[in-house]
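S.K.: File name upload-v8.cif; file contents mmCIF, C-alpha atoms; chains and numbers go by the auth columns; full text below.
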data_final
loop_
_atom_site.group_PDB
_atom_site.id
_atom_site.type_symbol
_atom_site.label_atom_id
_atom_site.label_comp_id
_atom_site.label_asym_id
_atom_site.label_seq_id
_atom_site.Cartn_x
_atom_site.Cartn_y
_atom_site.Cartn_z
_atom_site.B_iso_or_equiv
_atom_site.auth_seq_id
_atom_site.auth_asym_id
ATOM 1 C CA MET A 1 -60.920 220.522 -115.777 0.00 1 A
ATOM 2 C CA GLY A 2 -64.058 222.574 -115.217 0.00 2 A
ATOM 3 C CA PHE A 3 -64.952 225.941 -116.657 0.00 3 A
ATOM 4 C CA GLN A 4 -67.281 227.780 -114.315 0.00 4 A
ATOM 5 C CA LYS A 5 -69.895 230.112 -115.672 0.00 5 A
ATOM 6 C CA SER A 6 -70.060 232.500 -112.765 0.00 6 A
ATOM 7 C CA GLU A 7 -70.497 232.555 -109.028 0.00 7 A
ATOM 8 C CA ARG A 8 -71.512 235.050 -106.383 0.00 8 A
ATOM 9 C CA GLY A 9 -68.844 236.495 -104.156 0.00 9 A
ATOM 10 C CA ALA A 10 -69.230 237.039 -100.441 0.00 10 A
ATOM 11 C CA LYS A 11 -70.427 240.604 -101.007 0.00 11 A
ATOM 12 C CA GLY A 12 -72.888 239.625 -103.726 0.00 12 A
ATOM 13 C CA ASP A 13 -70.673 240.838 -106.560 0.00 13 A
ATOM 14 C CA GLU A 14 -70.384 238.566 -109.571 0.00 14 A
ATOM 15 C CA THR A 15 -66.915 237.023 -109.787 0.00 15 A
ATOM 16 C CA ARG A 16 -66.125 235.493 -113.118 0.00 16 A
ATOM 17 C CA ALA A 17 -63.861 232.572 -113.942 0.00 17 A
ATOM 18 C CA GLY A 18 -60.242 233.101 -113.006 0.00 18 A
ATOM 19 C CA GLY A 19 -61.043 236.263 -111.039 0.00 19 A
ATOM 20 C CA TRP A 20 -61.426 238.271 -114.267 0.00 20 A
ATOM 21 C CA ARG A 21 -64.694 240.037 -115.025 0.00 21 A
ATOM 22 C CA SER A 22 -63.805 240.577 -118.685 0.00 22 A
ATOM 23 C CA VAL A 23 -60.972 240.013 -121.140 0.00 23 A
ATOM 24 C CA ALA A 24 -59.966 243.632 -120.552 0.00 24 A
ATOM 25 C CA GLU A 25 -58.674 242.570 -117.126 0.00 25 A
ATOM 26 C CA ILE A 26 -56.315 239.923 -118.527 0.00 26 A
ATOM 27 C CA PRO A 27 -52.752 241.302 -118.277 0.00 27 A
ATOM 28 C CA GLY A 28 -51.115 241.683 -121.676 0.00 28 A
ATOM 29 C CA PHE A 29 -54.226 240.604 -123.593 0.00 29 A
ATOM 30 C CA PRO A 30 -54.465 242.293 -127.029 0.00 30 A
ATOM 31 C CA TYR A 31 -58.222 242.991 -126.977 0.00 31 A
ATOM 32 C CA GLU A 32 -60.025 245.461 -124.747 0.00 32 A
ATOM 33 C CA SER A 33 -63.402 243.729 -124.877 0.00 33 A
ATOM 34 C CA PHE A 34 -64.889 240.351 -125.710 0.00 34 A
ATOM 35 C CA ALA A 35 -66.851 241.960 -128.533 0.00 35 A
ATOM 36 C CA GLU A 36 -63.562 243.092 -130.057 0.00 36 A
ATOM 37 C CA LEU A 37 -62.173 239.559 -129.776 0.00 37 A
ATOM 38 C CA LYS A 38 -65.313 238.101 -131.387 0.00 38 A
ATOM 39 C CA ALA A 39 -65.077 240.591 -134.246 0.00 39 A
ATOM 40 C CA ALA A 40 -61.415 239.720 -134.819 0.00 40 A
ATOM 41 C CA VAL A 41 -62.202 235.992 -134.865 0.00 41 A
ATOM 42 C CA ALA A 42 -65.159 236.512 -137.212 0.00 42 A
ATOM 43 C CA ALA A 43 -62.946 238.546 -139.565 0.00 43 A
ATOM 44 C CA ARG A 44 -60.211 235.895 -139.258 0.00 44 A
ATOM 45 C CA ARG A 45 -57.772 238.460 -137.945 0.00 45 A
ATOM 46 C CA ALA A 46 -57.486 236.245 -134.881 0.00 46 A
ATOM 47 C CA SER A 47 -58.091 232.598 -134.102 0.00 47 A
ATOM 48 C CA ILE A 48 -58.704 230.621 -130.946 0.00 48 A
ATOM 49 C CA GLY A 49 -56.593 227.541 -130.388 0.00 49 A
ATOM 50 C CA VAL A 50 -57.776 224.815 -128.037 0.00 50 A
ATOM 51 C CA ASP A 51 -56.203 221.990 -126.098 0.00 51 A
ATOM 52 C CA ALA A 52 -57.475 218.721 -127.570 0.00 52 A
ATOM 53 C CA LEU A 53 -57.936 216.981 -124.224 0.00 53 A
ATOM 54 C CA ALA A 54 -59.777 219.972 -122.757 0.00 54 A
ATOM 55 C CA ALA A 55 -61.988 220.118 -125.848 0.00 55 A
ATOM 56 C CA ALA A 56 -62.803 216.421 -125.537 0.00 56 A
ATOM 57 C CA GLU A 57 -63.631 216.808 -121.840 0.00 57 A
ATOM 58 C CA TRP A 58 -65.820 219.843 -122.488 0.00 58 A
ATOM 59 C CA ALA A 59 -67.563 218.096 -125.385 0.00 59 A
ATOM 60 C CA ASP A 60 -68.281 215.063 -123.217 0.00 60 A
ATOM 61 C CA ARG A 61 -70.222 217.338 -120.854 0.00 61 A
ATOM 62 C CA SER A 62 -71.718 219.839 -123.256 0.00 62 A
ATOM 63 C CA VAL A 63 -72.066 218.480 -126.798 0.00 63 A
ATOM 64 C CA SER A 64 -75.318 216.775 -127.745 0.00 64 A
ATOM 65 C CA GLY A 65 -77.230 215.744 -130.840 0.00 65 A
ATOM 66 C CA LEU A 66 -75.557 214.517 -134.010 0.00 66 A
ATOM 67 C CA LYS A 67 -72.105 215.701 -132.963 0.00 67 A
ATOM 68 C CA ARG A 68 -72.200 213.603 -129.812 0.00 68 A
ATOM 69 C CA VAL A 69 -73.519 210.616 -131.750 0.00 69 A
ATOM 70 C CA ALA A 70 -70.685 210.967 -134.274 0.00 70 A
ATOM 71 C CA VAL A 71 -67.955 211.160 -131.614 0.00 71 A
ATOM 72 C CA ASN A 72 -69.384 208.142 -129.775 0.00 72 A
ATOM 73 C CA ALA A 73 -69.652 206.262 -133.064 0.00 73 A
ATOM 74 C CA PHE A 74 -65.947 206.785 -133.779 0.00 74 A
ATOM 75 C CA SER A 75 -65.041 205.473 -130.322 0.00 75 A
ATOM 76 C CA LEU A 76 -67.331 202.471 -130.714 0.00 76 A
ATOM 77 C CA LEU A 77 -65.880 201.753 -134.151 0.00 77 A
ATOM 78 C CA LEU A 78 -62.362 201.459 -132.736 0.00 78 A
ATOM 79 C CA ILE A 79 -63.482 199.188 -129.898 0.00 79 A
ATOM 80 C CA VAL A 80 -65.507 196.893 -132.146 0.00 80 A
ATOM 81 C CA SER A 81 -62.739 196.677 -134.742 0.00 81 A
ATOM 82 C CA ALA A 82 -60.186 195.754 -132.057 0.00 82 A
ATOM 83 C CA ILE A 83 -62.431 192.972 -130.743 0.00 83 A
ATOM 84 C CA ALA A 84 -63.064 191.767 -134.295 0.00 84 A
ATOM 85 C CA ALA A 85 -59.317 191.503 -134.949 0.00 85 A
ATOM 86 C CA VAL A 86 -58.743 189.336 -131.869 0.00 86 A
ATOM 87 C CA VAL A 87 -61.701 187.093 -132.703 0.00 87 A
ATOM 88 C CA ALA A 88 -60.507 186.759 -136.310 0.00 88 A
ATOM 89 C CA ALA A 89 -56.995 185.887 -135.111 0.00 89 A
ATOM 90 C CA PHE A 90 -58.225 182.834 -133.207 0.00 90 A
ATOM 91 C CA TRP A 91 -60.874 181.940 -135.782 0.00 91 A
ATOM 92 C CA THR A 92 -58.403 181.889 -138.678 0.00 92 A
ATOM 93 C CA ARG A 93 -55.377 180.962 -136.539 0.00 93 A
ATOM 94 C CA ASN A 94 -53.594 183.956 -137.995 0.00 94 A
ATOM 95 C CA TYR A 95 -52.226 185.182 -134.692 0.00 95 A
ATOM 96 C CA TRP A 96 -50.493 188.171 -136.243 0.00 96 A
ATOM 97 C CA LEU A 97 -53.924 189.824 -136.169 0.00 97 A
ATOM 98 C CA ILE A 98 -53.653 190.032 -132.382 0.00 98 A
ATOM 99 C CA ALA A 99 -51.201 192.858 -133.056 0.00 99 A
ATOM 100 C CA ALA A 100 -54.053 194.973 -134.463 0.00 100 A
ATOM 101 C CA PRO A 101 -55.128 196.418 -131.067 0.00 101 A
ATOM 102 C CA VAL A 102 -51.476 197.244 -130.347 0.00 102 A
ATOM 103 C CA VAL A 103 -51.227 199.018 -133.696 0.00 103 A
ATOM 104 C CA GLN A 104 -54.422 200.897 -132.847 0.00 104 A
ATOM 105 C CA ALA A 105 -53.064 201.981 -129.465 0.00 105 A
ATOM 106 C CA ALA A 106 -49.859 203.307 -131.037 0.00 106 A
ATOM 107 C CA ALA A 107 -51.765 205.074 -133.815 0.00 107 A
ATOM 108 C CA PHE A 108 -54.152 206.591 -131.264 0.00 108 A
ATOM 109 C CA PHE A 109 -51.283 207.993 -129.195 0.00 109 A
ATOM 110 C CA PHE A 110 -49.427 209.540 -132.119 0.00 110 A
ATOM 111 C CA SER A 111 -52.544 210.713 -133.986 0.00 111 A
ATOM 112 C CA HIS A 112 -53.955 212.726 -131.115 0.00 112 A
ATOM 113 C CA SER A 113 -53.659 216.440 -131.826 0.00 113 A
ATOM 114 C CA SER A 114 -51.984 216.970 -128.437 0.00 114 A
ATOM 115 C CA SER A 115 -49.188 214.575 -129.346 0.00 115 A
ATOM 116 C CA PRO A 116 -45.781 216.168 -130.011 0.00 116 A
ATOM 117 C CA SER A 117 -45.525 213.874 -133.060 0.00 117 A
ATOM 118 C CA ARG A 118 -48.870 214.933 -134.552 0.00 118 A
ATOM 119 C CA GLU A 119 -47.311 216.376 -137.728 0.00 119 A
ATOM 120 C CA TRP A 120 -45.442 213.153 -138.452 0.00 120 A
ATOM 121 C CA ALA A 121 -48.609 211.227 -137.634 0.00 121 A
ATOM 122 C CA THR A 122 -50.444 213.216 -140.302 0.00 122 A
ATOM 123 C CA LEU A 123 -47.883 212.189 -142.912 0.00 123 A
ATOM 124 C CA ALA A 124 -48.028 208.590 -141.719 0.00 124 A
ATOM 125 C CA GLY A 125 -51.824 208.626 -141.862 0.00 125 A
ATOM 126 C CA VAL A 126 -51.806 209.765 -145.479 0.00 126 A
ATOM 127 C CA ALA A 127 -49.032 207.313 -146.362 0.00 127 A
ATOM 128 C CA SER A 128 -50.970 204.426 -144.789 0.00 128 A
ATOM 129 C CA VAL A 129 -53.448 204.511 -147.680 0.00 129 A
ATOM 130 C CA ILE A 130 -50.656 204.080 -150.230 0.00 130 A
ATOM 131 C CA VAL A 131 -48.930 201.390 -148.165 0.00 131 A
ATOM 132 C CA PHE A 132 -52.220 199.523 -147.696 0.00 132 A
ATOM 133 C CA ILE A 133 -52.860 199.398 -151.446 0.00 133 A
ATOM 134 C CA ASP A 134 -49.263 198.376 -152.167 0.00 134 A
ATOM 135 C CA PHE A 135 -49.306 195.547 -149.604 0.00 135 A
ATOM 136 C CA LEU A 136 -52.673 194.353 -150.873 0.00 136 A
ATOM 137 C CA PHE A 137 -51.454 194.108 -154.462 0.00 137 A
ATOM 138 C CA ARG A 138 -48.356 192.258 -153.286 0.00 138 A
ATOM 139 C CA GLY A 139 -50.561 189.698 -151.575 0.00 139 A
ATOM 140 C CA TRP A 140 -49.448 190.625 -148.065 0.00 140 A
ATOM 141 C CA VAL A 141 -52.962 190.457 -146.680 0.00 141 A
ATOM 142 C CA THR A 142 -52.138 190.381 -142.965 0.00 142 A
ATOM 143 C CA ALA A 143 -49.706 193.286 -143.252 0.00 143 A
ATOM 144 C CA SER A 144 -52.242 195.285 -145.243 0.00 144 A
ATOM 145 C CA VAL A 145 -54.885 194.635 -142.566 0.00 145 A
ATOM 146 C CA LEU A 146 -52.582 195.926 -139.825 0.00 146 A
ATOM 147 C CA VAL A 147 -51.811 199.037 -141.867 0.00 147 A
ATOM 148 C CA ALA A 148 -55.536 199.503 -142.433 0.00 148 A
ATOM 149 C CA TYR A 149 -56.101 199.386 -138.671 0.00 149 A
ATOM 150 C CA ALA A 150 -53.514 202.126 -138.202 0.00 150 A
ATOM 151 C CA GLY A 151 -55.135 204.246 -140.907 0.00 151 A
ATOM 152 C CA LEU A 152 -58.623 203.657 -139.508 0.00 152 A
ATOM 153 C CA THR A 153 -57.524 204.727 -136.034 0.00 153 A
ATOM 154 C CA PHE A 154 -55.812 207.832 -137.390 0.00 154 A
ATOM 155 C CA ALA A 155 -58.924 208.854 -139.332 0.00 155 A
ATOM 156 C CA ALA A 156 -61.285 208.208 -136.405 0.00 156 A
ATOM 157 C CA VAL A 157 -59.146 210.122 -133.890 0.00 157 A
ATOM 158 C CA ARG A 158 -58.682 213.110 -136.175 0.00 158 A
ATOM 159 C CA ALA A 159 -62.371 213.201 -137.141 0.00 159 A
ATOM 160 C CA ALA A 160 -63.502 213.082 -133.507 0.00 160 A
ATOM 161 C CA GLY A 161 -60.909 215.712 -132.589 0.00 161 A
ATOM 162 C CA PHE A 162 -62.103 217.982 -135.376 0.00 162 A
ATOM 163 C CA ILE A 163 -65.705 217.759 -134.178 0.00 163 A
ATOM 164 C CA THR A 164 -64.937 218.413 -130.505 0.00 164 A
ATOM 165 C CA GLY A 165 -62.332 221.086 -131.260 0.00 165 A
ATOM 166 C CA SER A 166 -64.626 222.993 -133.607 0.00 166 A
ATOM 167 C CA ALA A 167 -67.512 222.861 -131.135 0.00 167 A
ATOM 168 C CA PHE A 168 -65.279 224.061 -128.294 0.00 168 A
ATOM 169 C CA ARG A 169 -63.884 226.958 -130.351 0.00 169 A
ATOM 170 C CA LYS A 170 -67.389 228.037 -131.331 0.00 170 A
ATOM 171 C CA ALA A 171 -68.512 227.965 -127.706 0.00 171 A
ATOM 172 C CA LEU A 172 -65.466 229.939 -126.546 0.00 172 A
ATOM 173 C CA ALA A 173 -66.082 232.597 -129.183 0.00 173 A
ATOM 174 C CA SER A 174 -69.662 233.100 -128.008 0.00 174 A
ATOM 175 C CA ASP A 175 -69.362 232.874 -124.210 0.00 175 A
ATOM 176 C CA GLU A 176 -67.022 235.258 -122.415 0.00 176 A
ATOM 177 C CA VAL A 177 -67.221 233.499 -119.047 0.00 177 A
ATOM 178 C CA LEU A 178 -66.407 230.147 -120.634 0.00 178 A
ATOM 179 C CA PHE A 179 -63.521 231.754 -122.498 0.00 179 A
ATOM 180 C CA LEU A 180 -62.146 233.341 -119.322 0.00 180 A
ATOM 181 C CA GLY A 181 -62.213 230.020 -117.482 0.00 181 A
ATOM 182 C CA ALA A 182 -60.598 228.129 -120.358 0.00 182 A
ATOM 183 C CA TYR A 183 -57.936 230.790 -120.878 0.00 183 A
ATOM 184 C CA ARG A 184 -57.157 230.809 -117.172 0.00 184 A
ATOM 185 C CA GLU A 185 -56.669 227.035 -117.173 0.00 185 A
ATOM 186 C CA ARG A 186 -54.572 227.164 -120.367 0.00 186 A
ATOM 187 C CA ALA A 187 -57.188 225.208 -122.278 0.00 187 A
ATOM 188 C CA CYS A 188 -57.137 227.781 -125.068 0.00 188 A
ATOM 189 C CA THR A 189 -54.914 230.375 -126.695 0.00 189 A
ATOM 190 C CA VAL A 190 -55.487 233.378 -128.931 0.00 190 A
ATOM 191 C CA ARG A 191 -53.438 233.922 -132.068 0.00 191 A
ATOM 192 C CA ASP A 192 -53.174 237.260 -133.822 0.00 192 A
ATOM 193 C CA ASN A 193 -53.113 236.151 -137.456 0.00 193 A
ATOM 194 C CA GLU A 194 -51.651 239.463 -138.595 0.00 194 A
ATOM 195 C CA THR A 195 -48.647 239.485 -136.269 0.00 195 A
ATOM 196 C CA ARG A 196 -48.627 235.687 -135.763 0.00 196 A
ATOM 197 C CA ARG A 197 -48.271 236.266 -132.051 0.00 197 A
ATOM 198 C CA VAL A 198 -49.837 233.703 -129.731 0.00 198 A
ATOM 199 C CA TYR A 199 -51.277 234.757 -126.378 0.00 199 A
ATOM 200 C CA ARG A 200 -51.605 232.245 -123.562 0.00 200 A
ATOM 201 C CA HIS A 201 -52.081 232.546 -119.838 0.00 201 A
ATOM 202 C CA ARG A 202 -49.094 231.901 -117.626 0.00 202 A
ATOM 203 C CA SER A 203 -48.649 231.798 -113.884 0.00 203 A
ATOM 204 C CA SER A 204 -46.716 235.037 -114.230 0.00 204 A
ATOM 205 C CA ASN A 205 -49.702 236.559 -116.088 0.00 205 A
ATOM 206 C CA ILE A 206 -47.515 237.316 -119.097 0.00 206 A
ATOM 207 C CA ALA A 207 -48.625 236.449 -122.631 0.00 207 A
ATOM 208 C CA ASP A 208 -46.123 235.554 -125.308 0.00 208 A
#
Would you mind writing the file's structure down as structure tokens?

M.R.:
Amino acid sequence: MGFQKSERGAKGDETRAGGWRSVAEIPGFPYESFAELKAAVAARRASIGVDALAAAEWADRSVSGLKRVAVNAFSLLLIVSAIAAVVAAFWTRNYWLIAAPVVQAAAFFFSHSSSPSREWATLAGVASVIVFIDFLFRGWVTASVLVAYAGLTFAAVRAAGFITGSAFRKALASDEVLFLGAYRERACTVRDNETRRVYRHRSSNIAD
């Protein structure tokens, strides 16, 4: 999913992403200019929602510095912890620990902000801390370790998603061409916080 900045048309006219030159050309869009949209977002009268997968893809290409290091560190943490669980399973002959990567995979799927079960995953992520402590006090060490792996994965996925999502929103709110491309490809939405109406691009060019 690529968001083009701009390109030159056959006649030398600048054609922006999605065929729109400005947000004013988007059918049914509530703002007449990008400056008006930026002002609404700054005043929190409106907010930009982003698709988590699109944000992650954009961040992989565009984010640098400490934010990129942090996202990569979360990914590396999950990989290293999964390998450590398998090694520990054979080292201690506690083969239940082999289930840790499976637990991580399930937690990753449900914890992702694009998952339809993300709200339940949030509750489960918070509950995992309580369950971990309870299992530990009961002496169920292996079970507590597996719960800890689920909680660790949940925290890492949500933290990485927060970083990439925030960076993507900030970029969209400052670059009209990027916003037009993302809106066209349904990678973002605009919510009017006063009316609670959400605007998204559709093939029929109608916002809802």

S.K.: Using all atoms listed in the file, which residue out of A:Ala173, A:Val63, A:Val157, A:Ala35 lies closest to A:Val190?

M.R.: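 Once distances to A:Val190 are computed over all atoms listed in the file, the minimum belongs to A:Ala173.
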
S.K.: How many Å separate atom CA of A:Ala89 from atom CA of A:Ala127?

M.R.: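 The value is 25.5 Å.
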
S.K.: Could you spell out the hits of the PyMOL selection byres ((chain A and resi 160) around 10) on the shown file, as number ranges by chain?

M.R.: A: 56, 67-68, 70-75, 112, 155-159, 161-166

S.K.: Just to confirm, what's the straight-line distance from atom CA of A:Leu76 to atom CA of A:Ser144 in Å (one decimal)?

M.R.: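 Separation of atom CA of A:Leu76 and atom CA of A:Ser144: 22.1 Å.
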
S.K.: My list of candidates is A:Ala52, A:Val126, A:Val69, A:Val80. Which is closest to A:Ala150 when distances are computed with only C-alpha atoms?

M.R.: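 Distance minimum relative to A:Ala150 lands on A:Val126.
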
S.K.: Could the residues of stretch 163-193 of chain A that have an atom at most 12 Å from stretch 37-42 of chain A be listed as CSV, each with its closest atom pair and the distance in Å to one decimal, counting only C-alpha atoms and ordered by chain and ascending residue number?

M.R.:
residue,atom,partner,partner_atom,distance
A:Arg169,CA,A:Val41,CA,10.2
A:Lys170,CA,A:Val41,CA,10.1
A:Ala171,CA,A:Lys38,CA,11.2
A:Leu172,CA,A:Lys38,CA,9.5
A:Ala173,CA,A:Lys38,CA,6.0
A:Ser174,CA,A:Lys38,CA,7.4
A:Asp175,CA,A:Lys38,CA,9.8
A:Glu176,CA,A:Lys38,CA,9.6
A:Phe179,CA,A:Leu37,CA,10.8
A:Val190,CA,A:Leu37,CA,9.1
A:Arg191,CA,A:Val41,CA,9.4
A:Asp192,CA,A:Ala40,CA,8.7
A:Asn193,CA,A:Ala40,CA,9.4

S.K.: Any chance you could work out the axis-aligned box around stretch 56-67 of chain A, listed atoms only, 5 Å on each side, giving centre and edge lengths in Å to one decimal, as JSON?

M.R.:
{"center_x": -70.0, "center_y": 217.2, "center_z": -127.4, "size_x": 24.4, "size_y": 15.3, "size_z": 23.2}

S.K.: Between atom CA of A:Ala167 and atom CA of A:Gly28, what distance in Å does the model show, to one decimal?

M.R.: 26.7 Å

S.K.: From the list A:Leu136, A:Val198, A:Ala100, A:Val177, which residue is nearest A:Gly19 when using only C-alpha atoms?

M.R.: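 Between A:Leu136, A:Val198, A:Ala100, A:Val177, the residue approaching A:Gly19 most closely is A:Val177.
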
S.K.: Taking (-53.6, 197.8, -138.3) in the coordinates of the supplied file, I want to know which residues reach to within 12 Å of it, counting all atoms listed in the file; could you give the answer as number ranges by chain?

M.R.: A: 78, 81-82, 84-86, 96-108, 125, 128-129, 131-132, 141-154

S.K.: Between A:Leu178, A:Ala88, A:Ala54, A:Ala187, which has the minimum distance to A:Phe34 (counting all atoms listed in the file)?

M.R.: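 Of A:Leu178, A:Ala88, A:Ala54, A:Ala187, the one nearest A:Phe34, counting all atoms listed in the file, is A:Leu178.
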
S.K.: Do you know which residues the PyMOL selection byres ((chain A and resi 50) around 6) returns on this file, as a ChimeraX atom specification?

M.R.: /A:49,51,187-188

S.K.: Residues picked by the PyMOL selection byres ((chain A and resi 186) around 8) here, as a compact mmCIF listing (two decimals) with C-alpha atoms, in the frame of the given file?

M.R.:
# COMPACT_ATOMS: atom_id res chain seq x y z
CA ASP A 51 -56.20 221.99 -126.10
CA ALA A 182 -60.60 228.13 -120.36
CA TYR A 183 -57.94 230.79 -120.88
CA ARG A 184 -57.16 230.81 -117.17
CA GLU A 185 -56.67 227.04 -117.17
CA ALA A 187 -57.19 225.21 -122.28
CA CYS A 188 -57.14 227.78 -125.07
CA THR A 189 -54.91 230.38 -126.70
CA ARG A 200 -51.60 232.24 -123.56
CA HIS A 201 -52.08 232.55 -119.84
CA ARG A 202 -49.09 231.90 -117.63

S.K.: With distances taken over only C-alpha atoms, which residue among A:Val23, A:Ile48, A:Tyr199, A:Ile133 lies nearest A:Glu36?

M.R.: A:Val23
